[in-house]
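For reference, entry-v3.txt (compact mmCIF, C-alpha atoms and all ligand atoms):
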# COMPACT_ATOMS: atom_id res chain seq x y z
CA MET A 98 6.35 8.65 -10.13
CA SER A 99 7.25 4.97 -9.94
CA VAL A 100 6.14 2.48 -7.32
CA ILE A 101 8.17 -0.63 -6.57
CA ALA A 102 6.65 -3.29 -4.30
CA VAL A 103 8.95 -5.73 -2.52
CA VAL A 104 6.97 -8.78 -1.42
CA SER A 105 7.39 -12.38 -0.31
CA GLN A 106 5.57 -14.81 1.94
CA LYS A 107 8.76 -16.03 3.50
CA GLY A 108 10.28 -14.30 6.53
CA GLY A 109 13.90 -13.24 6.22
CA SER A 110 14.04 -13.51 2.44
CA GLY A 111 15.57 -10.04 2.13
CA LYS A 112 12.57 -7.75 1.55
CA THR A 113 13.79 -5.01 3.84
CA THR A 114 17.42 -5.28 2.69
CA LEU A 115 16.31 -5.02 -0.92
CA ALA A 116 13.86 -2.15 -0.30
CA LEU A 117 16.38 -0.04 1.62
CA HIS A 118 19.21 -0.62 -0.85
CA LEU A 119 16.98 0.14 -3.84
CA ALA A 120 15.72 3.40 -2.38
CA ALA A 121 19.23 4.45 -1.33
CA SER A 122 20.60 3.59 -4.78
CA ALA A 123 17.85 5.68 -6.38
CA VAL A 124 18.80 8.62 -4.16
CA GLN A 125 22.47 8.14 -5.03
CA ALA A 126 21.45 8.28 -8.71
CA ASN A 127 19.74 11.65 -8.04
CA GLN A 128 16.21 10.23 -8.06
CA PRO A 129 14.37 11.34 -4.93
CA ALA A 130 13.03 8.19 -3.28
CA CYS A 131 11.35 7.03 -0.10
CA VAL A 132 10.49 3.74 1.54
CA ILE A 133 6.99 3.00 2.78
CA ASP A 134 7.15 0.39 5.53
CA THR A 135 3.88 -1.55 5.80
CA ASP A 136 5.37 -4.16 8.16
CA PRO A 137 4.14 -3.95 11.79
CA GLN A 138 7.64 -5.16 12.79
CA ALA A 139 8.78 -1.74 11.41
CA THR A 140 12.31 -2.89 10.62
CA ALA A 141 12.75 -0.43 7.76
CA ALA A 142 11.37 2.37 9.93
CA ALA A 143 13.89 1.53 12.67
CA TRP A 144 16.65 1.71 10.05
CA GLY A 145 15.30 5.17 9.12
CA ASP A 146 15.48 6.23 12.79
CA TRP A 147 19.09 5.08 13.08
CA ARG A 148 19.88 6.85 9.83
CA GLY A 149 18.67 10.19 11.11
CA ASP A 150 18.54 13.02 8.58
CA PHE A 151 20.17 11.16 5.68
CA LEU A 152 17.96 10.17 2.75
CA PRO A 153 15.97 8.14 1.88
CA VAL A 154 13.19 8.87 4.31
CA VAL A 155 11.22 5.90 5.61
CA VAL A 156 7.55 6.36 6.45
CA THR A 157 5.25 3.78 7.98
CA SER A 158 1.80 2.96 6.74
CA PRO A 159 -0.76 0.29 7.57
CA PRO A 160 -1.64 -1.56 4.34
CA ALA A 161 -5.16 -0.10 4.39
CA ARG A 162 -3.67 3.43 4.20
CA LEU A 163 -1.12 2.61 1.53
CA ALA A 164 -2.81 4.34 -1.40
CA ARG A 165 -3.14 7.57 0.58
CA THR A 166 0.44 7.37 1.81
CA ILE A 167 1.67 6.95 -1.77
CA THR A 168 -0.36 9.95 -2.92
CA ASN A 169 1.27 12.05 -0.19
CA ALA A 170 4.75 10.73 -0.99
CA ALA A 171 4.28 11.54 -4.68
CA ARG A 172 4.46 15.25 -3.81
CA GLU A 173 8.02 14.80 -2.57
CA VAL A 174 9.68 11.91 -4.42
CA ASP A 175 9.96 10.23 -7.83
CA VAL A 176 10.36 6.71 -6.54
CA VAL A 177 8.43 4.87 -3.82
CA VAL A 178 9.64 1.50 -2.56
CA ILE A 179 7.12 -0.47 -0.50
CA ASP A 180 8.45 -2.90 2.11
CA THR A 181 5.94 -5.53 3.23
CA PRO A 182 5.60 -8.02 6.10
CA PRO A 183 5.99 -11.79 5.66
CA HIS A 184 2.99 -14.13 5.91
CA ALA A 185 0.56 -11.30 5.22
CA GLU A 186 -1.51 -11.80 2.13
CA ALA A 187 -3.63 -8.66 2.52
CA ALA A 188 -0.56 -6.42 2.83
CA MET A 189 1.05 -8.14 -0.13
CA ARG A 190 -2.09 -7.69 -2.19
CA GLU A 191 -2.28 -3.95 -1.43
CA ALA A 192 1.38 -3.44 -2.30
CA ILE A 193 1.06 -5.36 -5.58
CA LYS A 194 -2.06 -3.36 -6.47
CA ALA A 195 -0.18 -0.07 -6.03
CA ALA A 196 2.98 -1.19 -7.84
CA ASP A 197 4.40 -0.52 -11.30
CA ILE A 198 6.85 -3.36 -10.75
CA VAL A 199 6.96 -6.11 -8.14
CA LEU A 200 10.20 -7.60 -6.83
CA ILE A 201 10.16 -10.90 -4.95
CA PRO A 202 13.37 -11.58 -3.05
CA SER A 203 14.11 -15.22 -2.43
CA ARG A 204 17.07 -17.12 -1.15
CA PRO A 205 18.02 -19.75 -3.72
CA ARG A 206 17.02 -22.70 -1.52
CA ALA A 207 14.26 -25.25 -1.97
CA PHE A 208 12.05 -24.21 0.97
CA ASP A 209 12.30 -20.55 0.05
CA LEU A 210 11.51 -21.19 -3.59
CA HIS A 211 8.53 -23.30 -2.59
CA ALA A 212 7.08 -20.21 -0.88
CA LEU A 213 7.01 -18.43 -4.25
CA GLU A 214 3.94 -20.39 -5.23
CA ALA A 215 1.53 -18.24 -3.20
CA VAL A 216 3.03 -15.02 -4.57
CA ALA A 217 2.96 -16.36 -8.11
CA GLU A 218 -0.82 -16.79 -7.89
CA LEU A 219 -1.34 -13.22 -6.69
CA ILE A 220 0.95 -11.91 -9.43
CA GLU A 221 -0.82 -13.84 -12.14
CA PHE A 222 -4.13 -12.43 -10.98
CA SER A 223 -2.77 -8.87 -10.82
CA ARG A 224 -1.04 -9.02 -14.23
CA LYS A 225 1.74 -6.84 -12.86
CA SER A 226 5.27 -7.05 -14.10
CA ALA A 227 7.12 -9.09 -11.46
CA TYR A 228 10.59 -10.56 -10.98
CA VAL A 229 12.17 -12.88 -8.48
CA VAL A 230 15.40 -11.37 -7.15
CA LEU A 231 17.71 -14.07 -5.84
CA ASN A 232 19.23 -12.90 -2.57
CA ALA A 233 22.05 -14.06 -0.34
CA VAL A 234 23.41 -16.22 -3.12
CA PRO A 235 26.52 -18.08 -1.91
CA SER A 236 29.62 -17.30 -3.94
CA GLY A 237 30.12 -19.53 -6.96
CA ALA A 238 26.57 -20.90 -6.78
CA THR A 239 25.86 -20.53 -10.50
CA ARG A 240 24.12 -23.90 -10.68
CA GLN A 241 21.90 -22.98 -7.71
CA VAL A 242 20.97 -19.72 -9.47
CA ALA A 243 20.10 -21.56 -12.68
CA GLU A 244 18.00 -24.11 -10.79
CA ALA A 245 16.21 -21.41 -8.82
CA SER A 246 15.41 -19.48 -12.01
CA ALA A 247 14.00 -22.67 -13.53
CA ILE A 248 11.75 -23.24 -10.50
CA ALA A 249 10.54 -19.63 -10.70
CA LYS A 250 9.88 -20.05 -14.40
CA GLY A 251 7.86 -23.18 -13.66
CA LEU A 252 5.66 -20.97 -11.48
CA GLY A 253 5.29 -18.41 -14.25
CA LEU A 254 7.73 -15.92 -12.71
CA GLN A 255 10.67 -14.24 -14.39
CA THR A 256 13.99 -13.88 -12.59
CA CYS A 257 15.95 -10.64 -12.40
CA PRO A 258 19.43 -10.97 -13.93
CA VAL A 259 20.91 -9.03 -11.00
CA THR A 260 21.34 -11.08 -7.82
CA PHE A 261 22.58 -10.16 -4.33
CA GLY A 262 25.34 -12.31 -2.89
CA GLU A 263 25.54 -13.43 0.71
CA ARG A 264 27.61 -10.50 1.91
CA ALA A 265 28.50 -9.09 5.29
CA ASP A 266 28.19 -5.54 3.91
CA PHE A 267 24.43 -5.97 3.42
CA HIS A 268 23.94 -7.22 6.95
CA ARG A 269 26.38 -4.92 8.72
CA SER A 270 25.25 -1.76 6.97
CA SER A 271 21.52 -2.34 7.51
CA ALA A 272 22.11 -2.99 11.19
CA LYS A 273 23.40 0.55 11.67
CA GLY A 274 21.16 2.64 9.48
CA GLU A 275 23.42 2.55 6.46
CA VAL A 276 23.61 0.84 3.07
CA ALA A 277 26.44 -1.25 1.69
CA SER A 278 27.95 1.58 -0.37
CA GLU A 279 28.39 3.63 2.80
CA ILE A 280 30.59 0.88 4.26
CA ASP A 281 32.54 0.18 1.07
CA ALA A 282 31.60 2.18 -2.03
CA ASN A 283 33.40 -0.20 -4.38
CA GLY A 284 32.53 -3.43 -2.60
CA LYS A 285 30.57 -6.18 -4.30
CA ALA A 286 27.44 -5.52 -2.27
CA ALA A 287 27.47 -1.83 -3.22
CA LEU A 288 27.92 -2.70 -6.89
CA GLU A 289 25.06 -5.21 -6.77
CA ALA A 290 22.73 -2.65 -5.19
CA LYS A 291 23.67 -0.09 -7.84
CA ALA A 292 23.19 -2.65 -10.63
CA LEU A 293 19.77 -3.62 -9.30
CA TRP A 294 18.61 -0.01 -9.27
CA LYS A 295 19.95 0.48 -12.81
CA TRP A 296 18.09 -2.60 -14.02
CA VAL A 297 14.84 -1.66 -12.24
CA SER A 298 14.94 1.93 -13.48
CA LYS A 299 15.28 0.69 -17.06
CA LYS A 300 12.24 -1.55 -16.55
CA LEU A 301 10.30 1.43 -15.23
CA ALA A 302 11.28 3.73 -18.09
N1 LIG B 1 22.35 -10.64 0.74
C1 LIG B 1 22.50 -10.71 2.05
N2 LIG B 1 23.72 -10.95 2.61
C2 LIG B 1 23.87 -11.02 3.96
N3 LIG B 1 22.86 -10.86 4.83
C3 LIG B 1 21.64 -10.62 4.35
C4 LIG B 1 21.39 -10.53 2.94
N4 LIG B 1 20.07 -10.27 2.75
C5 LIG B 1 19.53 -10.21 3.98
N5 LIG B 1 20.46 -10.42 4.93
C6 LIG B 1 20.23 -10.45 6.39
O1 LIG B 1 19.23 -11.41 6.66
C7 LIG B 1 18.32 -10.95 7.64
C8 LIG B 1 16.91 -10.91 7.01
O2 LIG B 1 16.90 -9.96 5.95
P1 LIG B 1 15.69 -8.91 5.80
O3 LIG B 1 15.36 -8.31 7.11
O4 LIG B 1 16.05 -8.02 4.68
O5 LIG B 1 14.55 -9.92 5.36
P2 LIG B 1 12.97 -9.66 5.33
O6 LIG B 1 12.44 -10.46 4.21
O7 LIG B 1 12.70 -8.22 5.33
O8 LIG B 1 12.55 -10.30 6.73
P3 LIG B 1 11.06 -10.19 7.37
O9 LIG B 1 10.24 -11.17 6.59
O10 LIG B 1 11.25 -10.60 8.80
O11 LIG B 1 10.60 -8.78 7.20
C9 LIG B 1 18.82 -9.59 8.07
O12 LIG B 1 19.61 -9.75 9.21
C10 LIG B 1 19.67 -9.12 6.88
O13 LIG B 1 20.70 -8.24 7.27
MG MG B 2 11.46 -7.07 6.57

Please re-express this file's structure in structure tokens.
Amino acid sequence: MSVIAVVSQKGGSGKTTLALHLAASAVQANQPACVIDTDPQATAAAWGDWRGDFLPVVVTSPPARLARTITNAAREVDVVVIDTPPHAEAAMREAIKAADIVLIPSRPRAFDLHALEAVAELIEFSRKSAYVVLNAVPSGATRQVAEASAIAKGLGLQTCPVTFGERADFHRSSAKGEVASEIDANGKAALEAKALWKWVSKKLA
């Protein structure tokens, strides 16, 4: 079983969007997956409620119970994606500890990138394999992506080659218990989510 932690200090960076789309893409690729929501805001869990019986299942867990929740999930799924709260170092630490790979969504803007510093320290200490995933990238912002990757590199973090654009399909789908591919299977958002899962699954292999 593989454990993917999605962490970032910054609120609204795209942790939940990334976690839900990754788990759904895994399921679509015939890899049973679930999301463990460790955020007291329970946004991912609410998405799971709206979604009803469709996979992936979302379960909630306080960070202190995470290891036990993962053990239980391992009986049912091959892939666990952990969604974490913002501004919560203890929760982030627990998720990183449990993870095989850590993804750090960040919008490619100066303030957001600045917030990577705290995560970078935790990652360095943990020695886990970790990648910044640039999210909500405006169209045509290749220079912004290159600059953001350079800032991440300066902090000792690698950047995932797959990025998520700023796309209505991500926002609109999440808000009704769906993922982008369920709104438009061939849309750019759906293709990005699929590409991210493909890239992550290769890293986990
Ligand atoms: N790539 C994107 N394109 C369009 N909207 C996006 C994108 N990524 C995230 N959003 C929207 O931005 C908002 C914040 O995203 P999300 O909830 O995933 O962030 P988060 O890091 O989980 O936030 P929090 O720190 O509060 O848990 C949501 O309304 C989401 O739909
Ligand atoms: Mg969230």

Practice problem: Could the residues that lie within 12 Å of ligand MG 2 (chain B), counting all atoms listed in the file, be listed as an NGL selection string? | Solution: :A and (103-117 or 132-144 or 179-185 or 202 or 271)

Draw an axis-aligned box tight on the listed atoms of ligand LIG 1 (chain B), then pad every side by 5 Å and write out centre and edge lengths in Å to one decimal as lines of an AutoDock Vina configuration file.
center_x = 17.1
center_y = -9.7
center_z = 5.0
size_x = 23.6
size_y = 13.4
size_z = 18.5

Self-check item: From A:Leu119, A:Ala215, A:Leu301, A:Ala130, residue lying nearest ligand LIG 1 (chain B) [only C-alpha atoms and all ligand atoms]
Solution: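 Under the stated criterion, the closest residue is A:Leu119.
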
Exercise. Pull the neighbourhood of (13.0, 2.3, -5.3) for me: all residues within 12 Å in file coordinates, counting all atoms listed in the file, as a ChimeraX atom specification.
Key: /A:98-103,113-133,153-155,174-180,196-200,290-291,293-298,300-301

Practice problem: Would you mind reading off the distance between CA of Val242 (chain A) and CA of Thr260 (chain A), one decimal, in Å? | Solution: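 If I compute the distance from CA of Val242 (chain A) to CA of Thr260 (chain A), I get 8.8 Å.
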
Any chance you could model N, CA and C atoms for region 118-129 of chain A and send them as a compact mmCIF listing (two decimals), keeping the file's coordinate frame?
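Writing the result to result.txt gives the following:
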# COMPACT_ATOMS: atom_id res chain seq x y z
N HIS A 118 18.11 -0.82 0.10
CA HIS A 118 19.21 -0.62 -0.85
C HIS A 118 18.72 -0.05 -2.18
N LEU A 119 17.54 -0.42 -2.60
CA LEU A 119 16.98 0.14 -3.84
C LEU A 119 16.72 1.63 -3.68
N ALA A 120 16.06 1.99 -2.59
CA ALA A 120 15.72 3.40 -2.38
C ALA A 120 16.99 4.23 -2.23
N ALA A 121 17.97 3.71 -1.50
CA ALA A 121 19.23 4.45 -1.33
C ALA A 121 19.97 4.58 -2.66
N SER A 122 19.93 3.52 -3.47
CA SER A 122 20.60 3.59 -4.78
C SER A 122 19.90 4.60 -5.68
N ALA A 123 18.58 4.68 -5.60
CA ALA A 123 17.85 5.68 -6.38
C ALA A 123 18.30 7.08 -5.97
N VAL A 124 18.36 7.31 -4.66
CA VAL A 124 18.80 8.62 -4.16
C VAL A 124 20.21 8.94 -4.64
N GLN A 125 21.08 7.94 -4.58
CA GLN A 125 22.47 8.14 -5.03
C GLN A 125 22.53 8.46 -6.52
N ALA A 126 21.51 7.99 -7.27
CA ALA A 126 21.45 8.28 -8.71
C ALA A 126 20.61 9.55 -8.98
N ASN A 127 20.46 10.37 -7.95
CA ASN A 127 19.74 11.65 -8.04
C ASN A 127 18.25 11.51 -8.34
N GLN A 128 17.67 10.40 -7.93
CA GLN A 128 16.21 10.23 -8.06
C GLN A 128 15.63 10.24 -6.64
N PRO A 129 14.93 11.30 -6.28
CA PRO A 129 14.37 11.34 -4.93
C PRO A 129 13.48 10.12 -4.68
